[in-house]
file query.cif (mmCIF, C-alpha atoms)
data_entry
loop_
_atom_site.label_atom_id
_atom_site.label_comp_id
_atom_site.auth_asym_id
_atom_site.auth_seq_id
_atom_site.Cartn_x
_atom_site.Cartn_y
_atom_site.Cartn_z
CA MET A 1356 15.52 115.43 1.05
CA TYR A 1357 14.60 119.07 0.47
CA LEU A 1358 16.47 121.22 -2.02
CA VAL A 1359 16.89 124.84 -0.90
CA THR A 1360 18.20 127.20 -3.56
CA GLY A 1361 19.81 130.33 -2.20
CA GLY A 1362 20.43 128.17 0.86
CA THR A 1363 23.41 130.19 2.08
CA GLY A 1364 21.51 133.47 1.68
CA PHE A 1365 19.34 135.28 4.18
CA ILE A 1366 15.93 133.62 4.13
CA GLY A 1367 17.28 130.44 2.55
CA SER A 1368 19.82 129.77 5.33
CA ASN A 1369 17.12 130.23 7.97
CA VAL A 1370 15.00 127.66 6.09
CA VAL A 1371 17.99 125.29 6.02
CA ALA A 1372 18.46 125.74 9.78
CA ALA A 1373 14.81 124.96 10.50
CA LEU A 1374 14.71 121.89 8.25
CA ALA A 1375 17.97 120.52 9.66
CA ALA A 1376 16.78 121.15 13.22
CA ARG A 1377 13.76 118.92 12.72
CA GLY A 1378 15.86 116.16 11.18
CA ASP A 1379 15.23 116.59 7.45
CA ARG A 1380 17.99 115.99 4.95
CA VAL A 1381 18.80 119.25 3.18
CA ALA A 1382 20.67 119.99 -0.03
CA VAL A 1383 21.83 123.56 -0.59
CA CYS A 1384 22.20 125.09 -4.03
CA ASP A 1385 24.17 128.33 -3.90
CA THR A 1386 27.54 129.99 -4.27
CA PHE A 1387 29.84 131.06 -1.44
CA SER A 1388 32.35 133.43 -3.05
CA THR A 1389 35.15 134.66 -0.76
CA GLY A 1390 33.08 136.21 2.02
CA ASP A 1391 31.43 134.88 5.16
CA LYS A 1392 28.24 133.40 3.67
CA TRP A 1393 29.46 129.95 4.74
CA LYS A 1394 28.80 131.03 8.33
CA ASN A 1395 25.07 131.19 7.54
CA VAL A 1396 24.97 127.37 7.37
CA ALA A 1397 28.06 126.45 9.41
CA LYS A 1398 26.06 125.32 12.45
CA HIS A 1399 23.75 122.98 10.56
CA ASP A 1400 23.86 119.49 9.14
CA VAL A 1401 23.70 119.99 5.37
CA PHE A 1402 23.52 116.74 3.43
CA ASP A 1403 24.75 118.08 0.09
CA PHE A 1404 25.96 121.23 -1.62
CA VAL A 1405 25.55 121.98 -5.32
CA PHE A 1406 26.68 124.98 -7.32
CA PRO A 1407 24.03 126.53 -9.61
CA SER A 1408 26.18 125.67 -12.63
CA ASP A 1409 25.92 121.97 -11.69
CA LEU A 1410 22.24 121.97 -10.80
CA ASP A 1411 20.92 120.28 -13.94
CA GLN A 1412 23.22 117.32 -13.50
CA TRP A 1413 22.48 117.14 -9.77
CA LEU A 1414 18.71 117.14 -10.34
CA MET A 1415 19.04 114.36 -12.86
CA ALA A 1416 21.03 112.23 -10.41
CA ASN A 1417 18.99 112.97 -7.27
CA GLY A 1418 15.45 113.65 -8.47
CA GLU A 1419 13.96 110.52 -6.91
CA GLU A 1420 15.22 111.49 -3.44
CA ILE A 1421 13.83 115.03 -3.43
CA ALA A 1422 10.74 115.67 -1.30
CA GLY A 1423 10.30 119.30 -2.35
CA VAL A 1424 12.04 122.44 -3.62
CA ILE A 1425 12.23 125.70 -1.69
CA HIS A 1426 13.47 128.21 -4.25
CA MET A 1427 14.88 131.25 -2.46
CA GLY A 1428 17.80 131.79 -4.82
CA ALA A 1429 17.73 135.08 -6.72
CA VAL A 1430 19.62 138.21 -7.60
CA SER A 1431 17.85 140.19 -4.91
CA ALA A 1432 19.58 143.59 -4.88
CA THR A 1433 17.09 146.24 -5.93
CA THR A 1434 20.06 148.29 -7.16
CA GLU A 1435 21.32 145.59 -9.58
CA ARG A 1436 21.18 146.79 -13.19
CA ASP A 1437 22.54 143.73 -15.04
CA SER A 1438 19.21 142.62 -16.43
CA ASP A 1439 20.70 139.59 -18.21
CA LEU A 1440 21.96 138.27 -14.87
CA ILE A 1441 18.61 139.02 -13.24
CA VAL A 1442 16.59 137.24 -15.93
CA ALA A 1443 18.87 134.18 -15.88
CA SER A 1444 18.60 133.79 -12.11
CA ASN A 1445 15.16 135.12 -11.25
CA PHE A 1446 13.16 133.97 -14.28
CA MET A 1447 14.88 131.19 -16.23
CA LEU A 1448 16.05 129.19 -13.21
CA SER A 1449 12.65 129.60 -11.56
CA ALA A 1450 10.90 128.31 -14.68
CA LYS A 1451 13.24 125.33 -14.89
CA LEU A 1452 12.59 124.34 -11.26
CA PHE A 1453 8.84 124.86 -11.58
CA GLU A 1454 8.77 122.49 -14.56
CA PHE A 1455 11.00 119.99 -12.75
CA CYS A 1456 8.63 119.90 -9.77
CA ALA A 1457 5.62 119.57 -12.07
CA ARG A 1458 7.22 116.65 -13.85
CA LEU A 1459 8.15 114.80 -10.64
CA ALA A 1460 5.02 115.89 -8.68
CA LEU A 1461 7.00 117.73 -5.99
CA PRO A 1462 5.95 120.73 -3.86
CA PHE A 1463 7.47 124.00 -5.07
CA ILE A 1464 7.71 127.05 -2.81
CA TYR A 1465 9.37 130.09 -4.37
CA ALA A 1466 10.22 133.63 -3.39
CA SER A 1467 8.24 136.22 -5.25
CA SER A 1468 8.51 139.69 -3.71
CA ALA A 1469 6.56 142.68 -2.46
CA ALA A 1470 8.81 144.59 -4.87
CA THR A 1471 6.34 143.49 -7.57
CA TYR A 1472 3.91 146.06 -6.12
CA GLY A 1473 6.13 148.98 -7.06
CA ASP A 1474 5.20 152.09 -5.10
CA GLY A 1475 2.04 150.40 -3.83
CA ALA A 1476 -0.23 152.95 -5.45
CA GLU A 1477 -2.24 150.25 -7.22
CA THR A 1478 -2.57 147.50 -4.65
CA PHE A 1479 -0.96 145.16 -2.13
CA ASP A 1480 -3.45 142.47 -3.12
CA ASP A 1481 -1.92 139.03 -3.74
CA THR A 1482 -4.59 137.97 -6.23
CA LEU A 1483 -3.37 135.75 -9.06
CA ASP A 1484 -5.15 136.96 -12.17
CA ALA A 1485 -4.13 138.77 -15.34
CA VAL A 1486 -5.88 142.02 -14.45
CA SER A 1487 -4.32 142.26 -10.97
CA LEU A 1488 -0.82 141.40 -12.15
CA GLY A 1489 -1.19 143.67 -15.17
CA ARG A 1490 -1.76 146.71 -12.93
CA LEU A 1491 1.55 146.32 -11.11
CA ARG A 1492 4.48 148.58 -11.97
CA PRO A 1493 7.72 147.48 -10.24
CA LEU A 1494 10.32 150.17 -9.70
CA ASN A 1495 13.45 148.16 -10.55
CA PRO A 1496 14.63 145.15 -12.61
CA TYR A 1497 14.49 142.89 -9.55
CA GLY A 1498 10.80 143.56 -8.93
CA TRP A 1499 10.05 143.30 -12.66
CA SER A 1500 11.74 139.88 -12.90
CA LYS A 1501 9.72 138.54 -9.98
CA LEU A 1502 6.51 139.81 -11.55
CA ALA A 1503 7.49 138.29 -14.89
CA PHE A 1504 7.78 134.86 -13.31
CA ASP A 1505 4.49 135.26 -11.42
CA ARG A 1506 2.85 136.00 -14.77
CA ARG A 1507 4.47 132.94 -16.33
CA VAL A 1508 3.05 130.80 -13.54
CA LEU A 1509 -0.39 132.31 -14.11
CA ARG A 1510 -0.18 131.56 -17.84
CA THR A 1511 0.90 127.97 -17.11
CA VAL A 1512 -2.06 127.49 -14.79
CA SER A 1513 -4.49 129.19 -17.21
CA ASP A 1514 -3.30 127.03 -20.11
CA ARG A 1515 -3.81 123.90 -17.98
CA ARG A 1516 -0.24 122.84 -18.45
CA PRO A 1517 1.44 120.61 -15.84
CA VAL A 1518 2.04 122.25 -12.46
CA PRO A 1519 3.45 120.97 -9.16
CA PRO A 1520 0.88 119.27 -6.89
CA LYS A 1521 1.13 122.28 -4.60
CA TRP A 1522 3.04 125.48 -5.16
CA ALA A 1523 3.24 128.97 -3.68
CA GLY A 1524 4.84 132.25 -4.68
CA LEU A 1525 5.61 134.14 -1.47
CA LYS A 1526 5.61 137.92 -1.62
CA PHE A 1527 7.93 138.77 1.25
CA PHE A 1528 7.71 142.30 2.63
CA ASN A 1529 10.50 143.96 4.69
CA VAL A 1530 12.22 140.92 6.15
CA TYR A 1531 14.78 141.32 8.96
CA GLY A 1532 16.65 138.88 11.15
CA PRO A 1533 19.83 136.84 11.57
CA ASN A 1534 22.06 135.83 8.65
CA GLU A 1535 21.47 138.96 6.56
CA TYR A 1536 24.97 140.26 7.26
CA HIS A 1537 26.44 139.42 3.84
CA LYS A 1538 23.96 141.73 2.11
CA GLY A 1539 25.97 144.89 2.68
CA SER A 1540 23.89 148.03 2.14
CA MET A 1541 20.83 145.85 1.48
CA ARG A 1542 20.73 144.73 5.12
CA SER A 1543 17.88 145.88 7.31
CA VAL A 1544 18.19 149.18 9.17
CA ILE A 1545 18.50 147.10 12.33
CA ALA A 1546 21.58 145.21 11.15
CA LEU A 1547 23.12 148.29 9.54
CA ASN A 1548 22.83 150.46 12.64
CA TYR A 1549 22.93 148.23 15.73
CA ASP A 1550 26.66 148.61 16.45
CA ALA A 1551 26.43 152.38 16.12
CA ILE A 1552 23.45 152.87 18.42
CA ALA A 1553 24.88 150.39 20.93
CA SER A 1554 27.89 152.71 21.08
CA GLY A 1555 25.68 155.72 21.77
CA ASP A 1556 25.45 157.17 18.26
CA PRO A 1557 22.18 158.53 16.86
CA LEU A 1558 20.03 156.67 14.36
CA ARG A 1559 19.57 158.67 11.17
CA LEU A 1560 16.22 158.44 9.40
CA PHE A 1561 15.06 160.13 6.22
CA LYS A 1562 12.93 163.23 6.42
CA SER A 1563 9.48 163.11 4.87
CA TYR A 1564 8.68 165.05 1.72
CA ARG A 1565 4.93 164.58 1.93
CA SER A 1566 2.62 166.68 4.07
CA ASP A 1567 0.57 163.65 5.15
CA TYR A 1568 3.61 161.93 6.72
CA GLY A 1569 5.79 163.41 9.43
CA ASP A 1570 9.54 162.82 9.53
CA GLY A 1571 10.13 159.15 10.31
CA GLN A 1572 6.42 158.36 10.08
CA GLN A 1573 6.79 156.64 6.71
CA LYS A 1574 5.59 153.09 7.27
CA ARG A 1575 6.71 149.60 6.30
CA ASP A 1576 5.50 146.09 6.97
CA PHE A 1577 8.48 144.67 8.86
CA VAL A 1578 8.38 140.86 9.10
CA TYR A 1579 10.72 138.73 11.20
CA VAL A 1580 12.52 136.04 9.21
CA ALA A 1581 11.36 133.39 11.69
CA ASP A 1582 7.78 134.04 10.55
CA CYS A 1583 8.77 133.61 6.90
CA VAL A 1584 10.36 130.27 7.73
CA SER A 1585 7.33 129.20 9.75
CA VAL A 1586 5.06 129.85 6.75
CA ILE A 1587 7.32 127.84 4.44
CA LEU A 1588 7.49 124.83 6.78
CA TRP A 1589 3.73 124.94 7.26
CA MET A 1590 3.25 124.85 3.50
CA LEU A 1591 5.57 121.87 3.15
CA ASP A 1592 3.63 119.97 5.81
CA ASN A 1593 0.03 120.91 5.04
CA PRO A 1594 -2.40 121.14 2.11
CA PHE A 1595 -3.27 124.65 0.92
CA PRO A 1596 -4.57 126.26 -2.27
CA SER A 1597 -1.69 126.86 -4.68
CA ALA A 1598 -1.42 130.62 -5.28
CA LEU A 1599 0.53 133.79 -4.59
CA TYR A 1600 0.64 134.76 -0.92
CA ASN A 1601 1.76 137.92 0.85
CA VAL A 1602 4.08 137.19 3.76
CA GLY A 1603 4.33 140.08 6.17
CA SER A 1604 3.30 141.00 9.67
CA GLY A 1605 0.03 142.43 8.40
CA THR A 1606 0.70 145.67 10.30
CA ALA A 1607 2.53 148.73 8.97
CA GLU A 1608 4.92 150.34 11.48
CA SER A 1609 6.74 153.65 11.25
CA TRP A 1610 10.50 154.00 11.06
CA VAL A 1611 10.33 155.89 14.35
CA ASN A 1612 8.66 152.89 16.01
CA LEU A 1613 11.38 150.66 14.61
CA ALA A 1614 14.04 153.02 15.96
CA ARG A 1615 12.45 153.09 19.40
CA ALA A 1616 12.36 149.29 19.48
CA MET A 1617 16.05 149.22 18.62
CA PHE A 1618 17.08 151.69 21.32
CA LYS A 1619 15.01 149.83 23.90
CA ALA A 1620 16.53 146.46 23.01
CA ALA A 1621 20.04 147.97 23.01
CA ASN A 1622 19.43 149.60 26.42
CA GLN A 1623 20.23 153.02 25.00
CA PRO A 1624 18.37 156.33 25.29
CA GLU A 1625 16.36 157.30 22.24
CA ASN A 1626 18.49 159.38 19.87
CA ILE A 1627 16.99 159.94 16.41
CA THR A 1628 18.05 162.52 13.85
CA PHE A 1629 16.44 163.21 10.48
CA ILE A 1630 18.49 163.65 7.34
CA GLU A 1631 17.77 164.73 3.78
CA MET A 1632 16.76 161.97 1.39
CA PRO A 1633 18.89 161.76 -1.78
CA GLU A 1634 17.04 163.58 -4.55
CA PRO A 1635 16.98 160.64 -7.00
CA LEU A 1636 15.17 158.57 -4.35
CA ARG A 1637 12.49 161.12 -3.50
CA GLU A 1638 10.35 160.48 -6.58
CA ARG A 1639 10.20 156.70 -6.09
CA TYR A 1640 10.28 156.37 -2.33
CA GLN A 1641 7.59 154.15 -0.77
CA TYR A 1642 5.80 155.89 2.07
CA PHE A 1643 3.58 152.95 3.02
CA THR A 1644 3.64 149.17 2.67
CA GLU A 1645 1.40 146.70 4.46
CA ALA A 1646 0.86 143.07 3.62
CA ARG A 1647 -2.71 141.90 3.28
CA ILE A 1648 -2.43 138.43 4.79
CA GLU A 1649 -6.12 137.47 4.78
CA LYS A 1650 -5.45 135.02 1.97
CA LEU A 1651 -2.72 133.28 3.95
CA ARG A 1652 -5.02 133.08 6.96
CA ALA A 1653 -7.87 131.71 4.85
CA ALA A 1654 -5.50 129.02 3.53
CA GLY A 1655 -5.13 127.75 7.09
CA TYR A 1656 -2.00 129.42 8.49
CA THR A 1657 -3.09 130.59 11.93
CA LYS A 1658 0.14 131.17 13.86
CA PRO A 1659 0.43 134.81 15.07
CA MET A 1660 3.06 136.95 13.40
CA THR A 1661 5.83 138.38 15.58
CA GLY A 1662 5.19 141.99 16.58
CA LEU A 1663 7.85 144.56 15.75
CA GLN A 1664 8.89 145.19 19.37
CA ASN A 1665 9.31 141.49 20.10
CA GLY A 1666 11.02 140.73 16.80
CA VAL A 1667 13.58 143.51 17.16
CA ALA A 1668 14.24 142.54 20.77
CA ASP A 1669 14.78 138.90 19.83
CA TYR A 1670 17.07 139.82 16.94
CA ILE A 1671 19.23 142.13 19.04
CA GLU A 1672 19.31 140.12 22.26
CA ARG A 1673 19.88 136.67 20.71
CA TYR A 1674 21.99 137.58 17.69
CA LEU A 1675 23.31 141.11 17.04
CA SER A 1676 24.54 141.66 20.59
CA LYS A 1677 26.40 138.34 20.67
CA PRO A 1678 29.97 137.60 19.49
CA ASP A 1679 28.48 135.01 17.13
CA PRO A 1680 25.37 136.55 15.54
CA TYR A 1681 24.56 133.65 13.19
CA ALA A 1682 21.45 131.46 13.44
#

call {"tool": "encode", "arguments": {"input": "query.cif", "output": "structure tokens"}}
result
Amino acid sequence: MYLVTGGTGFIGSNVVAALAARGDRVAVCDTFSTGDKWKNVAKHDVFDFVFPSDLDQWLMANGEEIAGVIHMGAVSATTERDSDLIVASNFMLSAKLFEFCARLALPFIYASSAATYGDGAETFDDTLDAVSLGRLRPLNPYGWSKLAFDRRVLRTVSDRRPVPPKWAGLKFFNVYGPNEYHKGSMRSVIALNYDAIASGDPLRLFKSYRSDYGDGQQKRDFVYVADCVSVILWMLDNPFPSALYNVGSGTAESWVNLARAMFKAANQPENITFIEMPEPLRERYQYFTEARIEKLRAAGYTKPMTGLQNGVADYIERYLSKPDPYA
């Protein structure tokens, strides 16, 4: 049985779907609240549910049945300012599960984040050493908490303390795909704007405030959630060097290219307008992100990543344009 924390969330629920589809028993640790997060797992055979507040007791009772832990649970909003909440969820819980997997010799796959890279001025290199991690300057408490746990893992390894038999911290870049709908304003531009552009409205993109980037030519590494899940399942099933790994497409694409892919998939004429960026955002806006995935490739993961055009088309045609958009 695999334990998936954050299993009703975006990436976590897609992991649950993939594990259940291949016949694995899955336990989900998460909260549901009063919204529609339950729909993220409604189609799948979940063996057990556990609330985070009951996790210690559940682990004690079920430890011998667990085959591995996929830790996707986190306070993931980059706008969250309750640092106590962030530390409790993103650092303390992660440390507890890491130690649990070390003690029981279980695989441990956890979500780090490309937010650890801050504005990207230093590096997008997923090297696990004190110098590399020490150069990073996250822009928000979320990114800082993920970096703090990466550094704890490094210290644990350096001190030769017990570690899981295989572990990975996955630095996800700009992930998009089904089951992100509960994230509100933190949803991808695709999910936020599909209904509007399908109705003939324009897509609004931020203007550029740098001379080396035209309006809408700011670039991101957009990665389809199916690729993130594929990497996780591969790691569960295969040996690999335990380390931090970037998970992205490996190719930076402009917002304009993303918009064009959306209009094409929605069968609408291209209609893009450029708007002013809020002033507080201008000083910390990322103009370029691109995952270096050579390390992941060297570890043995060879499956091609989904290109932006194909990923957007699949997302819109199979999910967003349907009455039931859930995976």

call {"tool": "residues_near_point", "arguments": {"input": "query.cif", "point": "(11.9, 145.0, -13.6)", "cutoff": "10 Å", "atoms": "all atoms listed in the file", "output": "mmCIF file with C-alpha atoms, in the frame of the given file"}}
result
data_model
loop_
_atom_site.group_PDB
_atom_site.id
_atom_site.type_symbol
_atom_site.label_atom_id
_atom_site.label_comp_id
_atom_site.auth_asym_id
_atom_site.auth_seq_id
_atom_site.Cartn_x
_atom_site.Cartn_y
_atom_site.Cartn_z
ATOM 1 C CA THR A 1433 17.090 146.240 -5.930
ATOM 2 C CA ARG A 1436 21.180 146.790 -13.190
ATOM 3 C CA SER A 1438 19.210 142.620 -16.430
ATOM 4 C CA ILE A 1441 18.610 139.020 -13.240
ATOM 5 C CA VAL A 1442 16.590 137.240 -15.930
ATOM 6 C CA ALA A 1470 8.810 144.590 -4.870
ATOM 7 C CA THR A 1471 6.340 143.490 -7.570
ATOM 8 C CA GLY A 1473 6.130 148.980 -7.060
ATOM 9 C CA ARG A 1492 4.480 148.580 -11.970
ATOM 10 C CA PRO A 1493 7.720 147.480 -10.240
ATOM 11 C CA LEU A 1494 10.320 150.170 -9.700
ATOM 12 C CA ASN A 1495 13.450 148.160 -10.550
ATOM 13 C CA PRO A 1496 14.630 145.150 -12.610
ATOM 14 C CA TYR A 1497 14.490 142.890 -9.550
ATOM 15 C CA GLY A 1498 10.800 143.560 -8.930
ATOM 16 C CA TRP A 1499 10.050 143.300 -12.660
ATOM 17 C CA SER A 1500 11.740 139.880 -12.900
ATOM 18 C CA LYS A 1501 9.720 138.540 -9.980
ATOM 19 C CA LEU A 1502 6.510 139.810 -11.550
ATOM 20 C CA ALA A 1503 7.490 138.290 -14.890
#

call {"tool": "resolve_selection", "arguments": {"input": "query.cif", "expression": "the PyMOL selection byres ((chain A and resi 1463) around 7)", "output": "ChimeraX atom specification"}}
result
/A:1423-1425,1453,1456,1461-1462,1464-1465,1519,1521-1523

call {"tool": "resolve_selection", "arguments": {"input": "query.cif", "expression": "the PyMOL selection byres ((chain A and resi 1665) around 12)", "output": "PyMOL selection string"}}
result
chain A and resi 1532+1577-1579+1581+1613+1616-1617+1619-1620+1660-1664+1666-1673

call {"tool": "write_last_selection", "arguments": {"input": "query.cif", "atoms": "C-alpha atoms", "output": "PDB file, keeping the file's coordinate frame"}}
result
ATOM      1  CA  GLY A1532      16.650 138.880  11.150  1.00  0.00           C
ATOM      2  CA  PHE A1577       8.480 144.670   8.860  1.00  0.00           C
ATOM      3  CA  VAL A1578       8.380 140.860   9.100  1.00  0.00           C
ATOM      4  CA  TYR A1579      10.720 138.730  11.200  1.00  0.00           C
ATOM      5  CA  ALA A1581      11.360 133.390  11.690  1.00  0.00           C
ATOM      6  CA  LEU A1613      11.380 150.660  14.610  1.00  0.00           C
ATOM      7  CA  ALA A1616      12.360 149.290  19.480  1.00  0.00           C
ATOM      8  CA  MET A1617      16.050 149.220  18.620  1.00  0.00           C
ATOM      9  CA  LYS A1619      15.010 149.830  23.900  1.00  0.00           C
ATOM     10  CA  ALA A1620      16.530 146.460  23.010  1.00  0.00           C
ATOM     11  CA  MET A1660       3.060 136.950  13.400  1.00  0.00           C
ATOM     12  CA  THR A1661       5.830 138.380  15.580  1.00  0.00           C
ATOM     13  CA  GLY A1662       5.190 141.990  16.580  1.00  0.00           C
ATOM     14  CA  LEU A1663       7.850 144.560  15.750  1.00  0.00           C
ATOM     15  CA  GLN A1664       8.890 145.190  19.370  1.00  0.00           C
ATOM     16  CA  GLY A1666      11.020 140.730  16.800  1.00  0.00           C
ATOM     17  CA  VAL A1667      13.580 143.510  17.160  1.00  0.00           C
ATOM     18  CA  ALA A1668      14.240 142.540  20.770  1.00  0.00           C
ATOM     19  CA  ASP A1669      14.780 138.900  19.830  1.00  0.00           C
ATOM     20  CA  TYR A1670      17.070 139.820  16.940  1.00  0.00           C
ATOM     21  CA  ILE A1671      19.230 142.130  19.040  1.00  0.00           C
ATOM     22  CA  GLU A1672      19.310 140.120  22.260  1.00  0.00           C
ATOM     23  CA  ARG A1673      19.880 136.670  20.710  1.00  0.00           C
TER      24      ARG A1673
END

call {"tool": "resolve_selection", "arguments": {"input": "query.cif", "expression": "the PyMOL selection byres ((chain A and resi 1679) around 12)", "output": "list in words"}}
result
Lys1394, Asn1395, Ala1397, Lys1398, Pro1533, Asn1534, Tyr1536, Ile1671, Glu1672, Arg1673, Tyr1674, Leu1675, Ser1676, Lys1677, Pro1678, Pro1680, Tyr1681 and Ala1682 of chain A

call {"tool": "closest_residue", "arguments": {"input": "query.cif", "among": "A:Ile1630, A:Asp1505, A:Arg1377, A:His1537", "to": "Thr1389 in chain A", "atoms": "all atoms listed in the file"}}
result
A:His1537

call {"tool": "closest_residue", "arguments": {"input": "query.cif", "among": "A:Arg1542, A:Arg1647, A:His1399, A:Lys1392", "to": "Ala1376 in chain A", "atoms": "only C-alpha atoms"}}
result
A:His1399

call {"tool": "atom_distance", "arguments": {"input": "query.cif", "atom1": "CA of Arg1559 in chain A", "atom2": "CA of Asn1626 in chain A"}}
result
8.8 Å

call {"tool": "atom_distance", "arguments": {"input": "query.cif", "atom1": "CA of Val1508 in chain A", "atom2": "CA of Met1415 in chain A"}}
result
22.9 Å

call {"tool": "closest_residue", "arguments": {"input": "query.cif", "among": "A:Met1447, A:Ala1607, A:Leu1452, A:Val1602", "to": "Val1586 in chain A", "atoms": "only C-alpha atoms"}}
result
A:Val1602

call {"tool": "closest_residue", "arguments": {"input": "query.cif", "among": "A:Val1611, A:Val1530, A:Leu1599, A:Ala1621", "to": "Phe1479 in chain A", "atoms": "all atoms listed in the file"}}
result
A:Leu1599

call {"tool": "decode", "arguments": {"input": "query.cif", "residues": "range 1548-1599 of chain A", "atoms": "C-alpha atoms", "output": "mmCIF file, in the first residue's frame"}}
result
data_model
loop_
_atom_site.group_PDB
_atom_site.id
_atom_site.type_symbol
_atom_site.label_atom_id
_atom_site.label_comp_id
_atom_site.auth_asym_id
_atom_site.auth_seq_id
_atom_site.Cartn_x
_atom_site.Cartn_y
_atom_site.Cartn_z
ATOM 1 C CA ASN A 1548 -8.922 31.444 -18.618
ATOM 2 C CA TYR A 1549 -10.305 28.526 -20.645
ATOM 3 C CA ASP A 1550 -13.999 29.329 -20.146
ATOM 4 C CA ALA A 1551 -13.434 32.964 -21.094
ATOM 5 C CA ILE A 1552 -11.500 32.314 -24.292
ATOM 6 C CA ALA A 1553 -13.908 29.533 -25.281
ATOM 7 C CA SER A 1554 -16.610 32.212 -25.112
ATOM 8 C CA GLY A 1555 -14.630 34.514 -27.396
ATOM 9 C CA ASP A 1556 -13.028 36.774 -24.797
ATOM 10 C CA PRO A 1557 -9.390 37.886 -25.075
ATOM 11 C CA LEU A 1558 -6.588 36.409 -23.003
ATOM 12 C CA ARG A 1559 -4.850 39.073 -20.941
ATOM 13 C CA LEU A 1560 -1.101 38.756 -20.422
ATOM 14 C CA PHE A 1561 1.263 40.998 -18.507
ATOM 15 C CA LYS A 1562 3.354 43.532 -20.352
ATOM 16 C CA SER A 1563 7.117 43.247 -20.105
ATOM 17 C CA TYR A 1564 9.159 45.780 -18.172
ATOM 18 C CA ARG A 1565 12.519 44.637 -19.478
ATOM 19 C CA SER A 1566 13.987 45.677 -22.805
ATOM 20 C CA ASP A 1567 15.294 42.169 -23.528
ATOM 21 C CA TYR A 1568 11.792 40.641 -23.370
ATOM 22 C CA GLY A 1569 8.851 41.698 -25.503
ATOM 23 C CA ASP A 1570 5.313 41.749 -24.141
ATOM 24 C CA GLY A 1571 4.248 38.154 -23.510
ATOM 25 C CA GLN A 1572 7.721 36.838 -24.310
ATOM 26 C CA GLN A 1573 8.522 36.152 -20.655
ATOM 27 C CA LYS A 1574 9.207 32.428 -20.475
ATOM 28 C CA ARG A 1575 8.313 29.565 -18.160
ATOM 29 C CA ASP A 1576 8.968 25.850 -18.079
ATOM 30 C CA PHE A 1577 5.418 24.505 -18.318
ATOM 31 C CA VAL A 1578 5.190 20.816 -17.395
ATOM 32 C CA TYR A 1579 2.103 18.636 -17.819
ATOM 33 C CA VAL A 1580 1.011 16.909 -14.618
ATOM 34 C CA ALA A 1581 0.995 13.540 -16.397
ATOM 35 C CA ASP A 1582 4.773 13.848 -16.793
ATOM 36 C CA CYS A 1583 5.198 14.577 -13.076
ATOM 37 C CA VAL A 1584 3.202 11.451 -12.254
ATOM 38 C CA SER A 1585 5.193 9.394 -14.742
ATOM 39 C CA VAL A 1586 8.453 10.414 -13.041
ATOM 40 C CA ILE A 1587 7.095 9.496 -9.607
ATOM 41 C CA LEU A 1588 5.885 6.054 -10.704
ATOM 42 C CA TRP A 1589 9.193 5.394 -12.430
ATOM 43 C CA MET A 1590 11.029 6.220 -9.218
ATOM 44 C CA LEU A 1591 8.831 3.875 -7.215
ATOM 45 C CA ASP A 1592 9.516 1.036 -9.652
ATOM 46 C CA ASN A 1593 13.197 1.520 -10.462
ATOM 47 C CA PRO A 1594 16.552 2.098 -8.755
ATOM 48 C CA PHE A 1595 18.015 5.600 -9.061
ATOM 49 C CA PRO A 1596 20.515 7.755 -7.165
ATOM 50 C CA SER A 1597 18.783 9.446 -4.234
ATOM 51 C CA ALA A 1598 18.986 13.218 -4.764
ATOM 52 C CA LEU A 1599 17.116 16.380 -5.696
#
